[in-house]
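Peer 1: The file below is run36.txt, compact mmCIF, C-alpha atoms:
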```
# COMPACT_ATOMS: atom_id res chain seq x y z
CA MET T 1 8.09 30.63 9.39
CA ASN T 2 5.35 28.86 11.43
CA GLU T 3 2.77 29.88 8.84
CA TYR T 4 1.03 27.47 6.47
CA ASN T 5 1.06 27.58 2.66
CA ASP T 6 -0.84 30.29 0.77
CA SER T 7 -0.18 28.74 -2.64
CA THR T 8 0.71 25.37 -4.17
CA HIS T 9 2.70 24.82 -7.36
CA VAL T 10 3.77 22.03 -9.66
CA GLU T 11 7.45 22.07 -10.55
CA SER T 12 9.07 20.15 -13.38
CA SER T 13 12.17 18.02 -12.95
CA VAL T 14 14.28 20.95 -14.24
CA GLY T 15 12.73 23.48 -11.87
CA ALA T 16 10.21 25.16 -14.17
CA ASN T 17 6.85 26.18 -12.75
CA ASP T 18 4.29 24.01 -14.51
CA SER T 19 1.34 25.32 -12.50
CA SER T 20 -0.29 27.23 -15.36
CA GLY T 21 -1.13 23.98 -17.09
CA ASN T 22 -1.78 21.93 -13.99
CA THR T 23 -2.72 24.10 -11.05
CA PRO T 24 -3.26 22.16 -7.84
CA ASN T 25 -5.71 23.69 -5.40
CA ASN T 26 -4.08 25.28 -2.36
CA VAL T 27 -5.43 24.04 0.97
CA LYS T 28 -4.24 25.91 4.05
CA PHE T 29 -4.28 24.47 7.58
CA ILE T 30 -6.21 26.78 9.93
CA SER T 31 -6.74 24.73 13.11
CA GLN T 32 -6.57 21.17 14.38
CA SER T 33 -9.84 21.21 16.37
CA GLY T 34 -11.37 24.69 16.18
CA GLY T 35 -14.29 23.73 13.97
CA THR T 36 -17.75 22.31 14.61
CA GLY T 37 -17.65 19.65 17.34
CA GLY T 38 -13.85 19.63 17.38
CA ASP T 39 -13.39 19.29 13.62
CA SER T 40 -10.24 20.62 12.01
CA GLN T 41 -10.43 23.75 9.89
CA ALA T 42 -8.88 24.74 6.56
CA ASP T 43 -9.10 27.41 3.87
CA TRP T 44 -9.15 26.22 0.25
CA GLY T 45 -10.11 29.54 -1.26
CA ASP T 46 -13.56 30.17 0.26
CA GLY T 47 -12.41 31.27 3.71
CA THR T 48 -12.15 29.15 6.85
CA GLU T 49 -14.36 26.03 6.82
CA ASP T 50 -14.59 22.69 8.59
CA LEU T 51 -12.12 20.31 6.95
CA ASP T 52 -14.76 17.68 6.20
CA ALA T 53 -16.59 20.17 3.93
CA ILE T 54 -13.85 19.97 1.30
CA THR T 55 -14.77 18.26 -1.98
CA THR T 56 -12.60 16.04 -4.18
CA ALA T 57 -12.33 18.88 -6.75
CA GLU T 58 -10.89 21.15 -4.04
CA ALA T 59 -8.27 18.71 -2.72
CA THR T 60 -4.53 19.18 -3.21
CA ILE T 61 -3.63 15.77 -4.58
CA LYS T 62 -5.38 12.93 -6.36
CA LEU T 63 -3.79 9.50 -6.06
CA ASN T 64 -4.72 6.79 -8.53
CA PHE T 65 -3.91 3.08 -8.41
CA SER T 66 -4.87 0.96 -11.38
CA HIS T 67 -4.41 -2.72 -12.18
CA GLY T 68 -5.27 -4.83 -15.20
CA SER T 69 -7.35 -7.42 -13.34
CA ALA T 70 -9.83 -6.39 -10.65
CA VAL T 71 -8.28 -6.35 -7.17
CA VAL T 72 -9.20 -5.22 -3.66
CA VAL T 73 -7.00 -2.65 -1.94
CA SER T 74 -6.29 -2.17 1.76
CA ASP T 75 -3.75 -0.62 4.14
CA TRP T 76 -3.41 2.40 1.79
CA VAL T 77 -1.38 5.14 3.48
CA PHE T 78 0.10 8.55 2.58
CA TYR T 79 2.78 10.45 4.47
CA ALA T 80 5.69 12.88 4.20
CA TYR T 81 9.30 11.82 4.79
CA ASP T 82 12.78 13.24 4.39
CA GLY T 83 13.19 11.98 0.84
CA THR T 84 15.63 9.24 1.83
CA THR T 85 14.23 7.06 4.63
CA PRO T 86 10.45 6.56 4.78
CA ALA T 87 10.44 6.21 8.57
CA THR T 88 12.15 9.60 9.00
CA ALA T 89 10.02 12.73 9.22
CA PRO T 90 10.92 15.81 7.16
CA VAL T 91 13.27 18.15 9.00
CA ASP T 92 11.80 21.37 10.42
CA VAL T 93 8.54 21.14 8.50
CA ASP T 94 5.06 20.62 9.95
CA VAL T 95 3.03 18.48 7.57
CA ARG T 96 -0.74 18.10 7.88
CA ALA T 97 -2.72 15.86 5.56
CA ALA T 98 -6.23 14.41 5.42
CA GLU T 99 -8.26 12.32 3.02
CA VAL T 100 -11.35 14.14 1.70
CA GLY T 101 -14.20 13.35 4.10
CA GLU T 102 -12.08 13.15 7.25
CA ALA T 103 -12.89 15.57 10.05
CA ASN T 104 -9.36 16.09 11.34
CA TRP T 105 -5.87 16.66 10.03
CA THR T 106 -3.18 14.04 10.60
CA GLN T 107 0.37 15.20 11.29
CA ALA T 108 1.60 12.82 8.59
CA GLU T 109 5.37 12.83 9.17
CA GLY T 110 7.21 9.57 8.66
CA SER T 111 5.81 6.11 7.95
CA GLY T 112 4.77 5.69 11.59
CA SER T 113 2.19 8.51 11.36
CA PRO T 114 0.44 8.18 8.00
CA VAL T 115 -2.94 9.27 6.78
CA GLU T 116 -4.88 6.02 6.39
CA LEU T 117 -6.87 6.02 3.18
CA ALA T 118 -10.09 4.13 2.52
CA ASP T 119 -10.02 0.46 1.49
CA GLY T 120 -11.40 -0.46 -1.93
CA THR T 121 -13.53 -3.37 -3.08
CA SER T 122 -12.91 -5.28 -6.31
CA ASP T 123 -12.08 -2.85 -9.13
CA THR T 124 -9.39 -2.00 -11.69
CA SER T 125 -8.93 1.69 -10.75
CA PHE T 126 -9.00 3.50 -7.41
CA ASP T 127 -8.85 7.27 -6.72
CA ARG T 128 -8.10 8.90 -3.38
CA TYR T 129 -8.14 12.65 -2.77
CA ILE T 130 -5.92 14.27 -0.17
CA ALA T 131 -5.62 17.76 1.32
CA VAL T 132 -2.04 18.71 2.28
CA SER T 133 -0.70 21.75 4.13
CA LEU T 134 2.88 22.49 5.19
CA SER T 135 4.57 25.01 7.47
CA PRO T 136 8.33 25.60 7.90
CA LEU T 137 9.48 25.53 11.53
CA SER T 138 12.74 27.36 10.84
CA VAL T 139 14.13 29.80 8.29
CA GLY T 140 15.72 28.35 5.14
CA LEU T 141 15.07 26.19 2.10
CA LYS T 142 13.21 22.97 2.94
CA ASP T 143 14.17 20.46 0.27
CA ASP T 144 14.27 17.38 2.51
CA VAL T 145 10.54 16.88 2.10
CA ALA T 146 8.96 14.20 -0.06
CA PHE T 147 5.73 12.23 -0.03
CA ARG T 148 5.18 8.48 -0.20
CA THR T 149 2.16 6.26 -0.64
CA GLU T 150 1.90 2.52 0.02
CA LEU T 151 -0.93 0.05 -0.38
CA VAL T 152 -1.76 -3.64 -0.38
CA TYR T 153 -3.66 -5.27 -3.24
CA SER T 154 -4.77 -8.80 -3.99
CA MET U 155 -0.33 -7.25 -15.07
CA ARG U 156 1.92 -10.29 -14.97
CA HIS U 157 3.90 -10.69 -11.79
CA ASN U 158 7.27 -12.44 -11.68
CA VAL U 159 6.52 -13.99 -8.30
CA ARG U 160 3.26 -15.92 -8.12
CA PHE U 161 1.40 -18.07 -5.62
CA LYS U 162 0.97 -21.83 -5.56
CA VAL U 163 -1.57 -23.32 -3.16
CA SER U 164 -2.52 -26.84 -2.15
CA LEU U 165 -6.13 -27.37 -1.12
CA SER U 166 -7.82 -29.73 1.31
CA THR U 167 -9.40 -31.40 -1.75
CA GLY U 168 -5.97 -32.49 -2.97
CA ASP U 169 -5.94 -29.93 -5.80
CA THR U 170 -2.96 -27.71 -6.50
CA ILE U 171 -3.50 -24.27 -7.99
CA PHE U 172 -0.86 -22.15 -9.71
CA GLU U 173 -1.37 -18.42 -10.24
CA GLY U 174 -0.82 -17.72 -13.91
CA LYS U 175 -1.89 -21.13 -15.14
CA GLY U 176 -5.16 -22.67 -16.28
CA ASP U 177 -8.20 -21.01 -14.73
CA TYR U 178 -5.97 -18.75 -12.62
CA GLN U 179 -4.30 -16.65 -15.27
CA ASP U 180 -4.24 -12.88 -14.70
CA ILE U 181 -6.80 -11.48 -17.17
CA ASP U 182 -7.47 -7.76 -17.64
CA GLY U 183 -10.92 -6.77 -16.46
CA GLN U 184 -11.53 -10.06 -14.65
CA PRO U 185 -11.18 -10.66 -10.89
CA SER U 186 -7.55 -11.27 -9.95
CA PRO U 187 -6.35 -14.87 -9.56
CA TRP U 188 -6.41 -14.54 -5.74
CA GLN U 189 -9.97 -13.17 -5.78
CA ARG U 190 -11.02 -16.07 -8.00
CA LEU U 191 -9.38 -18.50 -5.58
CA LEU U 192 -11.27 -16.97 -2.64
CA TYR U 193 -14.50 -17.36 -4.59
CA HIS U 194 -13.66 -20.99 -5.33
CA LEU U 195 -12.93 -21.68 -1.63
CA GLU U 196 -16.19 -20.06 -0.54
CA LYS U 197 -18.16 -21.98 -3.13
CA THR U 198 -16.63 -25.40 -2.44
CA GLY U 199 -15.80 -25.17 1.25
CA ALA U 200 -12.20 -26.18 0.51
CA THR U 201 -9.34 -24.75 2.57
CA ILE U 202 -5.71 -23.95 1.79
CA THR U 203 -3.29 -26.45 3.32
CA SER U 204 -0.09 -24.93 2.00
CA LEU U 205 1.03 -21.74 0.25
CA SER U 206 4.28 -21.04 -1.54
CA LEU U 207 5.60 -18.52 -4.04
CA TYR U 208 7.31 -19.47 -7.29
CA THR U 209 8.88 -18.00 -10.41
CA ASP U 210 9.18 -19.32 -13.95
CA GLN U 211 12.93 -19.63 -13.31
CA GLY U 212 12.27 -22.33 -10.69
CA GLN U 213 12.74 -20.32 -7.50
CA THR U 214 10.36 -21.19 -4.65
CA TRP U 215 9.65 -19.79 -1.20
CA ASN U 216 7.64 -22.04 1.10
CA LEU U 217 5.58 -21.27 4.18
CA PRO U 218 5.11 -23.96 6.84
CA SER U 219 2.50 -26.41 5.66
CA ALA U 220 -0.68 -27.41 7.44
CA GLY U 221 -0.36 -30.83 5.80
CA LYS U 222 0.13 -34.08 7.66
CA ARG U 223 3.16 -35.74 6.07
CA PRO U 224 6.24 -33.53 6.49
CA LYS U 225 9.62 -35.19 5.94
CA PHE U 226 11.29 -33.88 9.07
CA ARG U 227 10.25 -34.24 12.71
CA ALA U 228 10.83 -30.52 13.31
CA PHE U 229 8.06 -29.66 10.86
CA ASP U 230 5.77 -32.36 12.21
CA ALA U 231 6.16 -31.08 15.78
CA ALA U 232 5.76 -27.39 14.90
CA GLU U 233 2.51 -25.50 15.30
CA LYS U 234 0.56 -25.54 12.03
CA PRO U 235 -0.78 -22.38 10.38
CA VAL U 236 -4.53 -21.85 10.65
CA GLY U 237 -4.81 -19.78 7.48
CA TYR U 238 -2.95 -18.43 4.46
CA GLU U 239 -3.04 -15.30 2.33
CA CYS U 240 -1.15 -13.92 -0.68
CA PHE U 241 -1.04 -10.23 -1.56
CA ARG U 242 1.17 -7.55 -3.10
CA CYS U 243 2.51 -4.41 -1.42
CA VAL U 244 3.47 -1.41 -3.55
CA GLY U 245 5.01 1.90 -2.51
CA ARG U 246 6.21 4.98 -4.36
CA GLY U 247 7.79 8.31 -3.32
CA TYR U 248 7.18 11.75 -4.82
CA HIS U 249 9.84 14.46 -4.67
CA GLN U 250 9.55 18.25 -4.86
CA ASP U 251 11.33 18.35 -8.22
CA GLY U 252 8.51 16.37 -9.78
CA THR U 253 10.38 13.09 -9.92
CA THR U 254 9.08 9.88 -8.43
CA THR U 255 10.98 6.98 -6.99
CA LYS U 256 10.81 3.63 -8.72
CA SER U 257 7.87 1.69 -7.33
CA ASP U 258 8.73 -0.84 -4.67
CA LEU U 259 6.64 -3.93 -5.37
CA PHE U 260 6.75 -7.07 -3.25
CA THR U 261 4.69 -10.25 -3.43
CA VAL U 262 3.89 -11.52 0.05
CA ALA U 263 2.88 -14.95 1.32
CA ARG U 264 1.37 -14.94 4.82
CA ALA U 265 0.80 -17.84 7.24
CA GLU U 266 -1.64 -17.10 10.06
CA TYR U 267 -1.29 -18.50 13.57
CA PRO U 268 -3.53 -17.98 16.60
CA ASP U 269 -1.10 -15.49 18.12
CA GLY U 270 0.49 -13.91 15.06
CA THR U 271 1.54 -14.15 11.45
CA MET U 272 4.61 -15.09 9.48
CA GLU U 273 5.21 -13.42 6.13
CA ILE U 274 7.66 -13.93 3.28
CA TRP U 275 8.25 -10.80 1.19
CA VAL U 276 9.86 -11.21 -2.25
CA ASP U 277 10.95 -8.26 -4.38
CA GLU U 278 9.34 -8.41 -7.83
CA ALA U 279 12.26 -6.42 -9.32
CA ASP U 280 14.99 -8.62 -7.82
CA THR U 281 13.94 -11.95 -6.34
CA ARG U 282 17.27 -12.28 -4.52
CA ASN U 283 15.84 -9.59 -2.21
CA CYS U 284 13.64 -11.51 0.22
CA TRP U 285 12.52 -10.81 3.78
CA THR U 286 10.78 -12.76 6.53
CA LEU U 287 8.51 -10.93 8.96
CA PHE U 288 6.96 -12.13 12.20
CA LEU U 289 4.06 -10.11 13.60
CA LYS U 290 2.51 -10.77 16.99
CA LYS U 291 -1.17 -10.06 17.54
```
Mind turning this structure into structure tokens?
Peer 2:
Amino acid sequence: MNEYNDSTHVESSVGANDSSGNTPNNVKFISQSGGTGGDSQADWGDGTEDLDAITTAEATIKLNFSHGSAVVVSDWVFYAYDGTTPATAPVDVDVRAAEVGEANWTQAEGSGSPVELADGTSDTSFDRYIAVSLSPLSVGLKDDVAFRTELVYS
Amino acid sequence: MRHNVRFKVSLSTGDTIFEGKGDYQDIDGQPSPWQRLLYHLEKTGATITSLSLYTDQGQTWNLPSAGKRPKFRAFDAAEKPVGYECFRCVGRGYHQDGTTTKSDLFTVARAEYPDGTMEIWVDEADTRNCWTLFLKK
């Protein structure tokens, strides 16, 4: 309780651990502003570092949007919610997320507090890399936690 | 990707453009129909005077027009939009058990006013699901 994740796993729809074939990198929240010049800090396996030192290969999640014809993307966001209502934050879970390159974590809980991802100029495929770290705020199973992404394209 | 709900615009030149028809078909690897329209407007100096959404089944959703010959006095007296835009909004959820929600995909027509915007959102999966949104600046 009140500690952030030390490992990250991929689970199948029937509850099997699929991590051996698809291991996501664990990124652990260390501090919100304890780094250089007020940067956030995290540990992704090399010890505590400034968050903006993380590379795309070290991020937790890669999001991809692709489209047949070339489009521009904007207003791309990522956040955690309770699995039912996007505007509702997960219950009793602290969720921190950041796009690779950002200096500080965002407490990305509910659609009103998303991580804002970079816009994209005309293309058919767009990748965004995100670090995510969670901490339970009370004892017990936390299954009312899901993630959602939204974007605009034209 | 072929959308069910597509844009139709009237231009200041008198031309009418339909997404999905003629030079504005959605072609893999090419700029999207809306991007091609923006290029055409920049190149010719034309402006959009009206924007609506349509389906092959004959459904239409119309924004207020910036044209000069509306049928009813209420439309003639109303403030005219100063700009138009069409875009899509997509969202998807990811659950701990590895499942994802069905993507929510809406086609949106936006009319811009000096102090805000008016948007019509139409659900690509069920066009009976339609919303109107007013946003103040």
Peer 1: Using all atoms listed in the file and a cut-off of 12 Å, which residues of chain U sit close to chain T? Please list them as a ChimeraX atom specification.
Peer 2: /U:155-157,160-161,173,178-192,239-263
Peer 1: Please determine the residues with any atom at most 9 Å from (3.1, 26.0, 7.9) (coordinates as given in the file, with all atoms listed in the file counting) and report them as a PyMOL selection string.
Peer 2: chain T and resi 1-5+28-29+93-96+133-137
Peer 1: I'd like the neighbourhood of Ser111 in chain T as an mmCIF file with C-alpha atoms, in the frame of the given file, where a residue qualifies if any of its atoms comes within 6 Å (using all atoms listed in the file), though same-chain residues fewer than 2 positions away should be ignored.
Peer 2:
```cif
data_model
loop_
_atom_site.group_PDB
_atom_site.id
_atom_site.type_symbol
_atom_site.label_atom_id
_atom_site.label_comp_id
_atom_site.auth_asym_id
_atom_site.auth_seq_id
_atom_site.Cartn_x
_atom_site.Cartn_y
_atom_site.Cartn_z
ATOM 1 C CA PRO T 86 10.450 6.560 4.780
ATOM 2 C CA ALA T 87 10.440 6.210 8.570
ATOM 3 C CA SER T 113 2.190 8.510 11.360
ATOM 4 C CA PRO T 114 0.440 8.180 8.000
#
```
Peer 1: Which one is closest to Ile274 in chain U: U:Gly212, U:Pro218, U:Gly176, U:Pro224? Count all atoms listed in the file.
Peer 2: U:Pro218
Peer 1: Rank nothing, just name the residue among U:Thr167, U:Thr281, U:Thr286, U:Thr271 nearest to Gly199 in chain U, using all atoms listed in the file.
Peer 2: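 The shortest atom-to-atom distance to Gly199 in chain U comes from U:Thr167.
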Peer 1: When you draw a straight line from CA of Gln211 in chain U to CA of Val159 in chain U, how long is it in Å?
Peer 2: 9.9 Å
Peer 1: Suppose you want the space between CA of Glu116 in chain T and CA of Trp285 in chain U; what is it in Å?
Peer 2: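 One can read the CA of Glu116 in chain T to CA of Trp285 in chain U distance as 24.3 Å.
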Peer 1: Find the axis-aligned box for range 119-122 of chain T, covering all its listed atoms and adding 4 Å on each side, and write its centre and edge lengths in Å to one decimal as lines of an AutoDock Vina configuration file.
Peer 2:
```
center_x = -11.8
center_y = -2.4
center_z = -2.4
size_x = 11.5
size_y = 13.7
size_z = 15.8
```
Peer 1: Complete the atoms of range 165-199 of chain U to N, CA and C atoms and put them out as a CSV table (one decimal), in the coordinates of the input.
Peer 2:
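Final file, rebuild22.csv:
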```csv
chain,number,residue,atom,x,y,z
U,165,LEU,N,-4.8,-27.4,-1.8
U,165,LEU,CA,-6.1,-27.4,-1.1
U,165,LEU,C,-6.4,-28.7,-0.4
U,166,SER,N,-7.4,-28.6,0.5
U,166,SER,CA,-7.8,-29.7,1.3
U,166,SER,C,-8.5,-30.8,0.4
U,167,THR,N,-8.8,-30.4,-0.8
U,167,THR,CA,-9.4,-31.4,-1.8
U,167,THR,C,-8.3,-32.2,-2.4
U,168,GLY,N,-7.1,-31.8,-2.3
U,168,GLY,CA,-6.0,-32.5,-3.0
U,168,GLY,C,-5.5,-31.7,-4.2
U,169,ASP,N,-6.3,-30.7,-4.6
U,169,ASP,CA,-5.9,-29.9,-5.8
U,169,ASP,C,-4.8,-29.0,-5.5
U,170,THR,N,-4.0,-28.7,-6.6
U,170,THR,CA,-3.0,-27.7,-6.5
U,170,THR,C,-3.2,-26.6,-7.5
U,171,ILE,N,-3.2,-25.4,-7.1
U,171,ILE,CA,-3.5,-24.3,-8.0
U,171,ILE,C,-2.3,-23.4,-8.1
U,172,PHE,N,-2.0,-23.0,-9.4
U,172,PHE,CA,-0.9,-22.2,-9.7
U,172,PHE,C,-1.4,-20.8,-10.3
U,173,GLU,N,-1.0,-19.7,-9.6
U,173,GLU,CA,-1.4,-18.4,-10.2
U,173,GLU,C,-0.7,-18.3,-11.6
U,174,GLY,N,-1.4,-17.9,-12.6
U,174,GLY,CA,-0.8,-17.7,-13.9
U,174,GLY,C,-1.0,-18.9,-14.8
U,175,LYS,N,-1.7,-19.9,-14.3
U,175,LYS,CA,-1.9,-21.1,-15.1
U,175,LYS,C,-3.3,-21.6,-15.1
U,176,GLY,N,-3.8,-22.1,-16.2
U,176,GLY,CA,-5.2,-22.7,-16.3
U,176,GLY,C,-6.2,-21.6,-16.0
U,177,ASP,N,-7.1,-21.9,-15.1
U,177,ASP,CA,-8.2,-21.0,-14.7
U,177,ASP,C,-7.7,-19.8,-13.9
U,178,TYR,N,-6.5,-19.8,-13.5
U,178,TYR,CA,-6.0,-18.8,-12.6
U,178,TYR,C,-4.9,-17.9,-13.3
U,179,GLN,N,-5.1,-17.6,-14.6
U,179,GLN,CA,-4.3,-16.6,-15.3
U,179,GLN,C,-4.8,-15.3,-14.9
U,180,ASP,N,-3.9,-14.3,-15.0
U,180,ASP,CA,-4.2,-12.9,-14.7
U,180,ASP,C,-4.8,-12.3,-16.0
U,181,ILE,N,-6.1,-12.0,-16.0
U,181,ILE,CA,-6.8,-11.5,-17.2
U,181,ILE,C,-7.3,-10.1,-16.9
U,182,ASP,N,-7.0,-9.1,-17.8
U,182,ASP,CA,-7.5,-7.8,-17.6
U,182,ASP,C,-9.0,-7.7,-17.6
U,183,GLY,N,-9.5,-7.0,-16.6
U,183,GLY,CA,-10.9,-6.8,-16.5
U,183,GLY,C,-11.6,-7.9,-15.7
U,184,GLN,N,-10.9,-9.0,-15.4
U,184,GLN,CA,-11.5,-10.1,-14.6
U,184,GLN,C,-11.0,-10.0,-13.2
U,185,PRO,N,-11.7,-10.6,-12.3
U,185,PRO,CA,-11.2,-10.7,-10.9
U,185,PRO,C,-9.8,-11.3,-10.9
U,186,SER,N,-8.9,-10.8,-10.0
U,186,SER,CA,-7.6,-11.3,-10.0
U,186,SER,C,-7.5,-12.8,-9.6
U,187,PRO,N,-6.4,-13.4,-9.9
U,187,PRO,CA,-6.4,-14.9,-9.6
U,187,PRO,C,-6.6,-15.2,-8.1
U,188,TRP,N,-6.2,-14.3,-7.2
U,188,TRP,CA,-6.4,-14.5,-5.7
U,188,TRP,C,-7.9,-14.4,-5.4
U,189,GLN,N,-8.5,-13.4,-6.0
U,189,GLN,CA,-10.0,-13.2,-5.8
U,189,GLN,C,-10.8,-14.4,-6.3
U,190,ARG,N,-10.3,-14.9,-7.4
U,190,ARG,CA,-11.0,-16.1,-8.0
U,190,ARG,C,-10.8,-17.3,-7.1
U,191,LEU,N,-9.6,-17.4,-6.5
U,191,LEU,CA,-9.4,-18.5,-5.6
U,191,LEU,C,-10.3,-18.4,-4.4
U,192,LEU,N,-10.4,-17.2,-3.8
U,192,LEU,CA,-11.3,-17.0,-2.6
U,192,LEU,C,-12.7,-17.4,-3.0
U,193,TYR,N,-13.1,-17.0,-4.2
U,193,TYR,CA,-14.5,-17.4,-4.6
U,193,TYR,C,-14.7,-18.9,-4.7
U,194,HIS,N,-13.6,-19.5,-5.2
U,194,HIS,CA,-13.7,-21.0,-5.3
U,194,HIS,C,-13.7,-21.6,-3.9
U,195,LEU,N,-12.9,-21.1,-3.0
U,195,LEU,CA,-12.9,-21.7,-1.6
U,195,LEU,C,-14.3,-21.5,-1.0
U,196,GLU,N,-14.9,-20.3,-1.2
U,196,GLU,CA,-16.2,-20.1,-0.5
U,196,GLU,C,-17.2,-21.0,-1.1
U,197,LYS,N,-17.1,-21.2,-2.4
U,197,LYS,CA,-18.2,-22.0,-3.1
U,197,LYS,C,-18.1,-23.5,-2.8
U,198,THR,N,-16.8,-24.0,-2.6
U,198,THR,CA,-16.6,-25.4,-2.4
U,198,THR,C,-16.4,-25.8,-1.0
U,199,GLY,N,-16.1,-24.8,-0.1
U,199,GLY,CA,-15.8,-25.2,1.2
U,199,GLY,C,-14.4,-25.7,1.4
```
